[in-house]
>>> print(open('structure.cif').read())   # mmCIF, C-alpha atoms
data_structure
#
loop_
_atom_site.label_atom_id
_atom_site.label_comp_id
_atom_site.auth_asym_id
_atom_site.auth_seq_id
_atom_site.Cartn_x
_atom_site.Cartn_y
_atom_site.Cartn_z
CA MET K 1 79.76 114.35 98.34
CA THR K 2 76.36 113.33 97.07
CA GLU K 3 77.28 109.63 96.98
CA LYS K 4 74.40 107.48 98.20
CA VAL K 5 75.97 104.06 97.82
CA LYS K 6 76.97 102.50 101.16
CA TYR K 7 80.21 100.57 100.85
CA GLU K 8 81.47 97.88 103.19
CA PRO K 9 84.02 99.38 105.60
CA ILE K 10 87.62 98.23 105.17
CA LYS K 11 88.46 95.60 107.78
CA LYS K 12 92.10 94.94 107.10
CA VAL K 13 95.03 96.54 105.30
CA SER K 14 98.30 95.07 104.14
CA ILE K 15 100.84 97.77 103.48
CA VAL K 16 103.98 97.19 101.44
CA ILE K 17 106.89 99.49 102.26
CA SER K 18 109.40 99.29 99.43
CA ARG K 19 111.50 102.41 99.90
CA GLY K 20 114.03 103.26 102.56
CA SER K 21 114.00 107.04 102.64
CA LEU K 22 112.32 108.88 105.48
CA ASP K 23 109.59 110.06 103.12
CA GLY K 24 109.32 106.55 101.71
CA VAL K 25 108.78 104.89 105.09
CA TYR K 26 106.57 107.24 107.10
CA PRO K 27 103.42 107.16 104.94
CA GLY K 28 103.14 103.39 105.34
CA LEU K 29 103.72 103.56 109.09
CA ILE K 30 101.16 106.33 109.53
CA MET K 31 98.59 104.44 107.49
CA ALA K 32 99.19 101.22 109.41
CA ASN K 33 98.88 102.94 112.77
CA GLY K 34 95.80 104.82 111.54
CA ALA K 35 94.18 101.56 110.46
CA LEU K 36 94.77 100.01 113.88
CA MET K 37 93.32 103.09 115.58
CA GLU K 38 90.22 102.70 113.43
CA GLY K 39 89.87 99.15 114.67
CA MET K 40 91.14 97.46 111.51
CA ASP K 41 93.84 94.82 111.29
CA ALA K 42 97.13 95.80 109.71
CA THR K 43 100.07 93.93 108.24
CA LEU K 44 103.27 95.62 107.13
CA PHE K 45 105.50 93.99 104.52
CA PHE K 46 108.98 95.48 104.16
CA THR K 47 110.76 94.83 100.90
CA PHE K 48 113.84 96.13 99.04
CA PHE K 49 115.15 99.30 100.66
CA GLY K 50 112.06 99.35 102.83
CA LEU K 51 114.01 96.83 104.92
CA ASP K 52 116.11 99.75 106.16
CA ALA K 53 113.11 100.75 108.29
CA ILE K 54 113.34 97.56 110.33
CA ARG K 55 117.12 97.07 110.37
CA LYS K 56 118.56 97.95 113.76
CA LYS K 57 121.55 99.58 112.06
CA THR K 58 119.58 101.91 109.79
CA MET K 59 116.08 102.35 111.23
CA ASN K 60 116.78 105.51 113.19
CA SER K 61 119.01 107.17 110.61
CA LEU K 62 116.78 107.22 107.53
CA LYS K 63 117.27 110.25 105.28
CA VAL K 64 115.21 112.42 103.00
CA ALA K 65 116.44 112.12 99.40
CA THR K 66 117.28 115.54 97.97
CA VAL K 67 118.53 114.26 94.62
CA GLY K 68 116.09 112.69 92.18
CA ASN K 69 113.19 113.79 94.35
CA PRO K 70 111.05 116.24 92.34
CA GLY K 71 108.92 116.82 95.44
CA MET K 72 111.77 118.83 96.93
CA HIS K 73 111.33 121.56 94.26
CA ILE K 74 115.02 122.35 94.14
CA PRO K 75 117.44 121.91 91.22
CA THR K 76 119.28 118.60 91.17
CA TRP K 77 122.68 120.26 91.68
CA VAL K 78 121.42 122.05 94.80
CA GLY K 79 120.17 118.75 96.17
CA ALA K 80 123.62 117.31 95.60
CA VAL K 81 125.39 119.98 97.67
CA PRO K 82 127.08 118.23 100.61
CA GLY K 83 124.96 118.39 103.74
CA MET K 84 121.73 119.11 101.85
CA SER K 85 120.15 115.73 102.59
CA ALA K 86 121.15 115.97 106.26
CA PHE K 87 119.63 119.45 106.41
CA ALA K 88 116.35 118.39 104.77
CA THR K 89 116.24 115.32 107.01
CA SER K 90 116.66 117.24 110.24
CA LYS K 91 114.04 119.78 109.08
CA MET K 92 111.56 117.04 108.30
CA LYS K 93 112.27 115.22 111.56
CA GLN K 94 111.51 118.43 113.48
CA GLU K 95 108.18 118.82 111.68
CA ILE K 96 107.36 115.15 112.26
CA GLU K 97 108.05 115.50 115.98
CA LYS K 98 105.85 118.61 116.12
CA LEU K 99 102.94 116.51 114.90
CA ASP K 100 103.66 114.03 117.69
CA ILE K 101 104.70 111.39 115.15
CA PRO K 102 107.36 109.19 116.79
CA PRO K 103 110.80 108.29 115.40
CA VAL K 104 110.80 105.11 113.28
CA GLY K 105 111.93 102.74 116.05
CA GLU K 106 109.33 103.95 118.53
CA PHE K 107 106.67 103.99 115.81
CA LEU K 108 107.31 100.33 114.95
CA GLU K 109 106.99 99.47 118.63
CA MET K 110 103.68 101.36 118.85
CA ILE K 111 102.28 99.64 115.78
CA HIS K 112 103.40 96.22 116.94
CA ASP K 113 101.98 96.76 120.45
CA ALA K 114 98.71 97.75 118.81
CA GLY K 115 98.60 94.35 117.12
CA GLY K 116 100.15 95.22 113.76
CA GLU K 117 102.01 92.37 112.08
CA MET K 118 105.47 93.00 110.64
CA LEU K 119 106.95 90.90 107.87
CA ALA K 120 110.26 91.13 106.04
CA CYS K 121 110.64 90.07 102.42
CA LYS K 122 112.67 86.86 102.17
CA ALA K 123 114.01 87.50 98.67
CA THR K 124 115.46 90.88 99.64
CA VAL K 125 116.76 89.64 102.97
CA GLU K 126 118.74 87.04 101.01
CA MET K 127 119.78 89.51 98.33
CA PHE K 128 121.24 91.85 100.95
CA HIS K 129 122.74 88.95 102.94
CA LEU K 130 120.86 89.90 106.09
CA LYS K 131 119.97 87.74 109.07
CA ARG K 132 117.15 87.67 111.60
CA GLU K 133 119.45 89.34 114.17
CA ASP K 134 119.84 92.35 111.90
CA PHE K 135 116.20 93.25 112.40
CA CYS K 136 114.38 94.84 115.32
CA SER K 137 112.46 92.55 117.64
CA GLN K 138 109.08 93.68 116.29
CA VAL K 139 109.63 91.77 113.04
CA ASP K 140 107.36 88.73 113.30
CA ALA K 141 108.75 86.72 110.39
CA ILE K 142 110.79 86.70 107.21
CA VAL K 143 108.42 85.48 104.53
CA SER K 144 108.11 84.77 100.83
CA VAL K 145 105.77 86.69 98.55
CA GLY K 146 103.35 83.78 98.71
CA GLN K 147 103.27 83.92 102.49
CA MET K 148 102.79 87.69 102.32
CA TYR K 149 99.67 87.13 100.20
CA GLU K 150 98.47 84.48 102.65
CA ALA K 151 98.93 86.90 105.54
CA SER K 152 97.03 89.47 103.50
CA ALA K 153 93.89 87.35 103.13
CA GLY K 154 90.86 89.61 103.18
CA ALA K 155 93.01 92.74 103.20
CA GLN K 156 93.30 95.75 100.94
CA ILE K 157 96.90 95.74 99.75
CA ILE K 158 98.56 99.16 99.62
CA PHE K 159 101.92 99.58 97.93
CA THR K 160 104.12 102.46 99.02
CA MET D 1 69.77 116.76 117.02
CA ALA D 2 70.77 113.36 118.35
CA THR D 3 70.51 112.77 122.07
CA LEU D 4 71.50 110.12 124.55
CA GLU D 5 68.91 109.14 127.16
CA VAL D 6 70.63 108.36 130.45
CA ASN D 7 68.69 108.15 133.73
CA GLY D 8 65.93 110.39 132.45
CA LYS D 9 68.38 113.00 131.18
CA SER D 10 68.63 113.93 127.50
CA ILE D 11 72.24 114.54 126.54
CA PRO D 12 73.04 116.13 123.16
CA VAL D 13 75.54 114.14 121.06
CA ASP D 14 76.88 114.37 117.51
CA GLY D 15 75.93 111.99 114.71
CA GLU D 16 78.44 109.41 115.92
CA GLY D 17 77.49 109.58 119.59
CA TYR D 18 80.23 111.86 120.93
CA LEU D 19 79.03 114.27 123.63
CA LEU D 20 78.74 117.86 122.46
CA SER D 21 79.66 119.19 125.88
CA LEU D 22 81.86 117.64 128.53
CA SER D 23 79.71 119.39 131.16
CA ASP D 24 76.97 116.82 130.48
CA TRP D 25 79.33 114.02 131.40
CA ASP D 26 79.29 112.03 134.63
CA GLU D 27 80.27 108.50 135.59
CA LYS D 28 76.81 107.14 134.83
CA VAL D 29 77.04 108.55 131.32
CA ALA D 30 80.48 106.97 130.93
CA LYS D 31 79.18 103.57 132.00
CA PHE D 32 76.21 103.89 129.67
CA ILE D 33 78.36 104.74 126.62
CA ALA D 34 80.87 102.01 127.54
CA LYS D 35 78.08 99.40 127.54
CA ASN D 36 76.97 100.58 124.10
CA GLU D 37 80.57 100.18 122.94
CA GLY D 38 80.76 96.62 124.22
CA ILE D 39 82.68 97.34 127.43
CA ASP D 40 80.62 95.87 130.26
CA GLU D 41 82.74 96.97 133.16
CA LEU D 42 84.96 100.01 133.58
CA THR D 43 87.98 99.07 135.72
CA ASP D 44 90.44 101.37 137.46
CA ARG D 45 92.65 101.11 134.37
CA HIS D 46 89.79 102.31 132.15
CA TRP D 47 89.17 105.21 134.52
CA ALA D 48 92.86 106.16 134.47
CA VAL D 49 92.65 106.52 130.68
CA ILE D 50 89.32 108.37 130.81
CA LYS D 51 90.56 110.89 133.39
CA PHE D 52 93.78 111.45 131.45
CA MET D 53 91.85 112.12 128.25
CA GLN D 54 89.64 114.65 129.99
CA LYS D 55 92.65 116.36 131.54
CA VAL D 56 94.35 116.78 128.15
CA PHE D 57 91.07 117.88 126.57
CA LYS D 58 90.60 120.60 129.18
CA GLU D 59 94.16 121.83 128.60
CA LYS D 60 94.25 121.70 124.82
CA GLY D 61 90.69 121.51 123.53
CA SER D 62 91.33 118.14 121.91
CA GLY D 63 92.13 114.64 123.10
CA PRO D 64 95.71 113.28 123.25
CA SER D 65 97.39 111.43 120.39
CA ILE D 66 97.70 107.68 120.84
CA ARG D 67 101.44 108.23 121.36
CA ARG D 68 100.88 110.64 124.23
CA LEU D 69 98.17 108.42 125.62
CA GLY D 70 100.57 105.47 125.67
CA LYS D 71 103.41 107.47 127.15
CA GLU D 72 101.72 109.65 129.73
CA SER D 73 98.45 108.07 130.84
CA GLY D 74 100.27 105.33 132.73
CA VAL D 75 98.59 102.73 130.52
CA PRO D 76 100.86 101.35 127.77
CA ILE D 77 99.67 100.94 124.17
CA LYS D 78 99.29 97.18 124.36
CA GLU D 79 96.96 97.49 127.33
CA LEU D 80 95.06 100.39 125.73
CA TYR D 81 94.06 98.15 122.85
CA LYS D 82 92.95 95.46 125.33
CA LEU D 83 90.92 97.87 127.46
CA PHE D 84 89.31 99.60 124.50
CA PRO D 85 89.35 97.05 121.69
CA LYS D 86 89.11 98.19 118.07
CA GLY D 87 90.32 101.74 118.29
CA PRO D 88 91.26 102.93 121.79
CA ALA D 89 91.65 106.66 121.11
CA LYS D 90 88.18 107.00 119.61
CA LYS D 91 86.44 104.69 122.02
CA ALA D 92 88.02 106.19 125.12
CA ALA D 93 87.22 109.70 123.83
CA LYS D 94 83.57 108.79 123.44
CA ILE D 95 83.36 107.30 126.92
CA ALA D 96 85.27 110.25 128.39
CA GLY D 97 82.71 112.63 126.89
CA ILE D 98 85.18 114.55 124.75
CA LYS D 99 85.26 115.29 121.01
CA LYS D 100 86.21 112.66 118.47
CA PRO D 101 89.98 112.72 117.90
CA VAL D 102 90.83 114.12 114.49
CA GLY D 103 94.64 113.75 114.38
CA CYS D 104 96.35 111.10 112.27
CA ILE D 105 98.42 109.73 115.13
#
>>> encode(input="structure.cif", output="structure tokens")
Amino acid sequence: MTEKVKYEPIKKVSIVISRGSLDGVYPGLIMANGALMEGMDATLFFTFFGLDAIRKKTMNSLKVATVGNPGMHIPTWVGAVPGMSAFATSKMKQEIEKLDIPPVGEFLEMIHDAGGEMLACKATVEMFHLKREDFCSQVDAIVSVGQMYEASAGAQIIFT
Amino acid sequence: MATLEVNGKSIPVDGEGYLLSLSDWDEKVAKFIAKNEGIDELTDRHWAVIKFMQKVFKEKGSGPSIRRLGKESGVPIKELYKLFPKGPAKKAAKIAGIKKPVGCI
């Protein structure tokens, strides 16, 4: 890097988690936790299937998608073999644990304890007929898109 | 090479102020770095974290992850962020005289 320009450091991130697969959820959580460790503020906004990451019923049983996931580098029919997703999921969970990355529930707790804000998307909560009680206690509020933008004032918004 | 001047001693540090060798560390150095980082007083809780970080560093050659720190140091995550505001793993590592943490967690 020969770059001489000095940029302002990022002070705050607002991360949108829109997918509910294991590989769809972890990047956002890792980035949020990383931001907090760097001394930044972080807000997480869970929308669409991303809500699965904060639903008590689903948060600790997220799966890796083996069909329609070109990153797996296996033919579609192989990905569809019964048990394939469970196999890939348990493999990935092992690797995640090796890196000392916590399971989703514990990770949310860590991020929230570190001061990270957690918001659920109102439109999707209504679409899926969910209630406040369906979510883990770390969820601070169920908010509209407008409120998400308000909470993101001054932040870099990252969509995952 | 960058150095830190503490009580007439010149201590070699990297470009960001992390000690190059833990053998240069003592409590005076810790207090000096803490002041520079905006922590005026190191309490027993700070020391518990500092000692834990050094213990892990001596065992593994790198500091603990924030997860391990929260689980095993006896100081929970919430308190860690209060004791060492704006980035506890990095700040505590600097004060403890160990290398800057490089892990993502």
>>> interface_residues(input="structure.cif", of="chain K", to="chain D", cutoff="8 Å", atoms="only C-alpha atoms", output="list in words")
Ile30, Asn33, Gly34, Leu36, Met37, Glu38, Gly39, Met40, Asp100, Ile101, Pro102, Met110, Asp113, Ala114 and Gly115 of chain K
>>> resolve_selection(input="structure.cif", expression="the PyMOL selection byres ((chain K and resi 126-140) around 8)", output="number ranges by chain")
K: 54-57, 108-109, 112, 117-120, 122-125, 141-142
>>> write_last_selection(input="structure.cif", atoms="C-alpha atoms", output="mmCIF file, keeping the file's coordinate frame")
data_model
loop_
_atom_site.group_PDB
_atom_site.id
_atom_site.type_symbol
_atom_site.label_atom_id
_atom_site.label_comp_id
_atom_site.auth_asym_id
_atom_site.auth_seq_id
_atom_site.Cartn_x
_atom_site.Cartn_y
_atom_site.Cartn_z
ATOM 1 C CA ILE K 54 113.340 97.560 110.330
ATOM 2 C CA ARG K 55 117.120 97.070 110.370
ATOM 3 C CA LYS K 56 118.560 97.950 113.760
ATOM 4 C CA LYS K 57 121.550 99.580 112.060
ATOM 5 C CA LEU K 108 107.310 100.330 114.950
ATOM 6 C CA GLU K 109 106.990 99.470 118.630
ATOM 7 C CA HIS K 112 103.400 96.220 116.940
ATOM 8 C CA GLU K 117 102.010 92.370 112.080
ATOM 9 C CA MET K 118 105.470 93.000 110.640
ATOM 10 C CA LEU K 119 106.950 90.900 107.870
ATOM 11 C CA ALA K 120 110.260 91.130 106.040
ATOM 12 C CA LYS K 122 112.670 86.860 102.170
ATOM 13 C CA ALA K 123 114.010 87.500 98.670
ATOM 14 C CA THR K 124 115.460 90.880 99.640
ATOM 15 C CA VAL K 125 116.760 89.640 102.970
ATOM 16 C CA ALA K 141 108.750 86.720 110.390
ATOM 17 C CA ILE K 142 110.790 86.700 107.210
#
>>> resolve_selection(input="structure.cif", expression="the PyMOL selection byres ((chain K and resi 13) around 10)", output="list in words")
Ile10, Lys11, Lys12, Ser14, Ile15, Val16, Met31, Ala32, Ala35, Leu36, Met40, Asp41, Ala42, Thr43, Leu44, Gly116, Ser152, Ala153, Gly154, Ala155, Gln156, Ile157 and Ile158 of chain K
>>> write_last_selection(input="structure.cif", atoms="C-alpha atoms", output="CSV table (one decimal), in the frame of the given file")
chain,number,residue,atom,x,y,z
K,10,ILE,CA,87.6,98.2,105.2
K,11,LYS,CA,88.5,95.6,107.8
K,12,LYS,CA,92.1,94.9,107.1
K,14,SER,CA,98.3,95.1,104.1
K,15,ILE,CA,100.8,97.8,103.5
K,16,VAL,CA,104.0,97.2,101.4
K,31,MET,CA,98.6,104.4,107.5
K,32,ALA,CA,99.2,101.2,109.4
K,35,ALA,CA,94.2,101.6,110.5
K,36,LEU,CA,94.8,100.0,113.9
K,40,MET,CA,91.1,97.5,111.5
K,41,ASP,CA,93.8,94.8,111.3
K,42,ALA,CA,97.1,95.8,109.7
K,43,THR,CA,100.1,93.9,108.2
K,44,LEU,CA,103.3,95.6,107.1
K,116,GLY,CA,100.2,95.2,113.8
K,152,SER,CA,97.0,89.5,103.5
K,153,ALA,CA,93.9,87.4,103.1
K,154,GLY,CA,90.9,89.6,103.2
K,155,ALA,CA,93.0,92.7,103.2
K,156,GLN,CA,93.3,95.8,100.9
K,157,ILE,CA,96.9,95.7,99.8
K,158,ILE,CA,98.6,99.2,99.6
>>> resolve_selection(input="structure.cif", expression="the PyMOL selection byres ((chain D and resi 42) around 12)", output="PyMOL selection string")
chain D and resi 27-35+37-41+43-50+83-84+92+95-96
>>> residues_around(input="structure.cif", residues="K:Phe48", least_positions_apart="4", cutoff="8 Å", atoms="all atoms listed in the file", output="MDAnalysis selection string")
chainID K and resid 18:20 121 124
>>> residues_around(input="structure.cif", residues="D:Ser23", least_positions_apart="6", cutoff="12 Å", atoms="all atoms listed in the file", output="ChimeraX atom specification")
/D:11-12,29,54,58,96-98
>>> closest_residue(input="structure.cif", among="K:Pro75, K:Gly68, K:Glu3, K:Thr89", to="K:Asp23", atoms="all atoms listed in the file")
K:Thr89
>>> atom_distance(input="structure.cif", atom1="atom CA of K:Ile111", atom2="atom CA of K:Leu29")
7.9 Å
>>> atom_distance(input="structure.cif", atom1="atom CA of K:Ile74", atom2="atom CA of K:Gly24")
18.4 Å
>>> residues_around(input="structure.cif", residues="K:Met84", least_positions_apart="6", cutoff="12 Å", atoms="all atoms listed in the file", output="NGL selection string")
:K and (63-67 or 72 or 74-78 or 90-91)
>>> atom_distance(input="structure.cif", atom1="atom CA of K:Val25", atom2="atom CA of K:Ala151")
20.5 Å
>>> build_atoms(input="structure.cif", residues="stretch 18-29 of chain D", atoms="N, CA and C atoms", output="PDB file, in the frame of the given file")
ATOM      1  N   TYR D  18      79.297 111.156 120.040  1.00  0.00           N
ATOM      2  CA  TYR D  18      80.230 111.860 120.930  1.00  0.00           C
ATOM      3  C   TYR D  18      79.487 113.013 121.602  1.00  0.00           C
ATOM      4  N   LEU D  19      79.684 113.190 122.906  1.00  0.00           N
ATOM      5  CA  LEU D  19      79.030 114.270 123.630  1.00  0.00           C
ATOM      6  C   LEU D  19      79.413 115.628 123.046  1.00  0.00           C
ATOM      7  N   LEU D  20      78.450 116.520 122.966  1.00  0.00           N
ATOM      8  CA  LEU D  20      78.740 117.860 122.460  1.00  0.00           C
ATOM      9  C   LEU D  20      79.385 118.715 123.537  1.00  0.00           C
ATOM     10  N   SER D  21      79.062 118.411 124.797  1.00  0.00           N
ATOM     11  CA  SER D  21      79.660 119.190 125.880  1.00  0.00           C
ATOM     12  C   SER D  21      80.078 118.275 127.028  1.00  0.00           C
ATOM     13  N   LEU D  22      81.326 118.457 127.442  1.00  0.00           N
ATOM     14  CA  LEU D  22      81.860 117.640 128.530  1.00  0.00           C
ATOM     15  C   LEU D  22      81.094 117.892 129.841  1.00  0.00           C
ATOM     16  N   SER D  23      80.432 119.065 129.928  1.00  0.00           N
ATOM     17  CA  SER D  23      79.710 119.390 131.160  1.00  0.00           C
ATOM     18  C   SER D  23      78.508 118.465 131.386  1.00  0.00           C
ATOM     19  N   ASP D  24      78.077 117.788 130.337  1.00  0.00           N
ATOM     20  CA  ASP D  24      76.970 116.820 130.480  1.00  0.00           C
ATOM     21  C   ASP D  24      77.452 115.471 131.004  1.00  0.00           C
ATOM     22  N   TRP D  25      78.752 115.321 131.077  1.00  0.00           N
ATOM     23  CA  TRP D  25      79.330 114.020 131.400  1.00  0.00           C
ATOM     24  C   TRP D  25      79.316 113.727 132.906  1.00  0.00           C
ATOM     25  N   ASP D  26      78.998 112.522 133.274  1.00  0.00           N
ATOM     26  CA  ASP D  26      79.290 112.030 134.630  1.00  0.00           C
ATOM     27  C   ASP D  26      79.564 110.528 134.527  1.00  0.00           C
ATOM     28  N   GLU D  27      79.852 109.900 135.651  1.00  0.00           N
ATOM     29  CA  GLU D  27      80.270 108.500 135.590  1.00  0.00           C
ATOM     30  C   GLU D  27      79.172 107.581 135.060  1.00  0.00           C
ATOM     31  N   LYS D  28      77.923 107.950 135.342  1.00  0.00           N
ATOM     32  CA  LYS D  28      76.810 107.140 134.830  1.00  0.00           C
ATOM     33  C   LYS D  28      76.777 107.184 133.308  1.00  0.00           C
ATOM     34  N   VAL D  29      77.014 108.384 132.777  1.00  0.00           N
ATOM     35  CA  VAL D  29      77.040 108.550 131.320  1.00  0.00           C
ATOM     36  C   VAL D  29      78.170 107.698 130.736  1.00  0.00           C
TER      37      VAL D  29
END
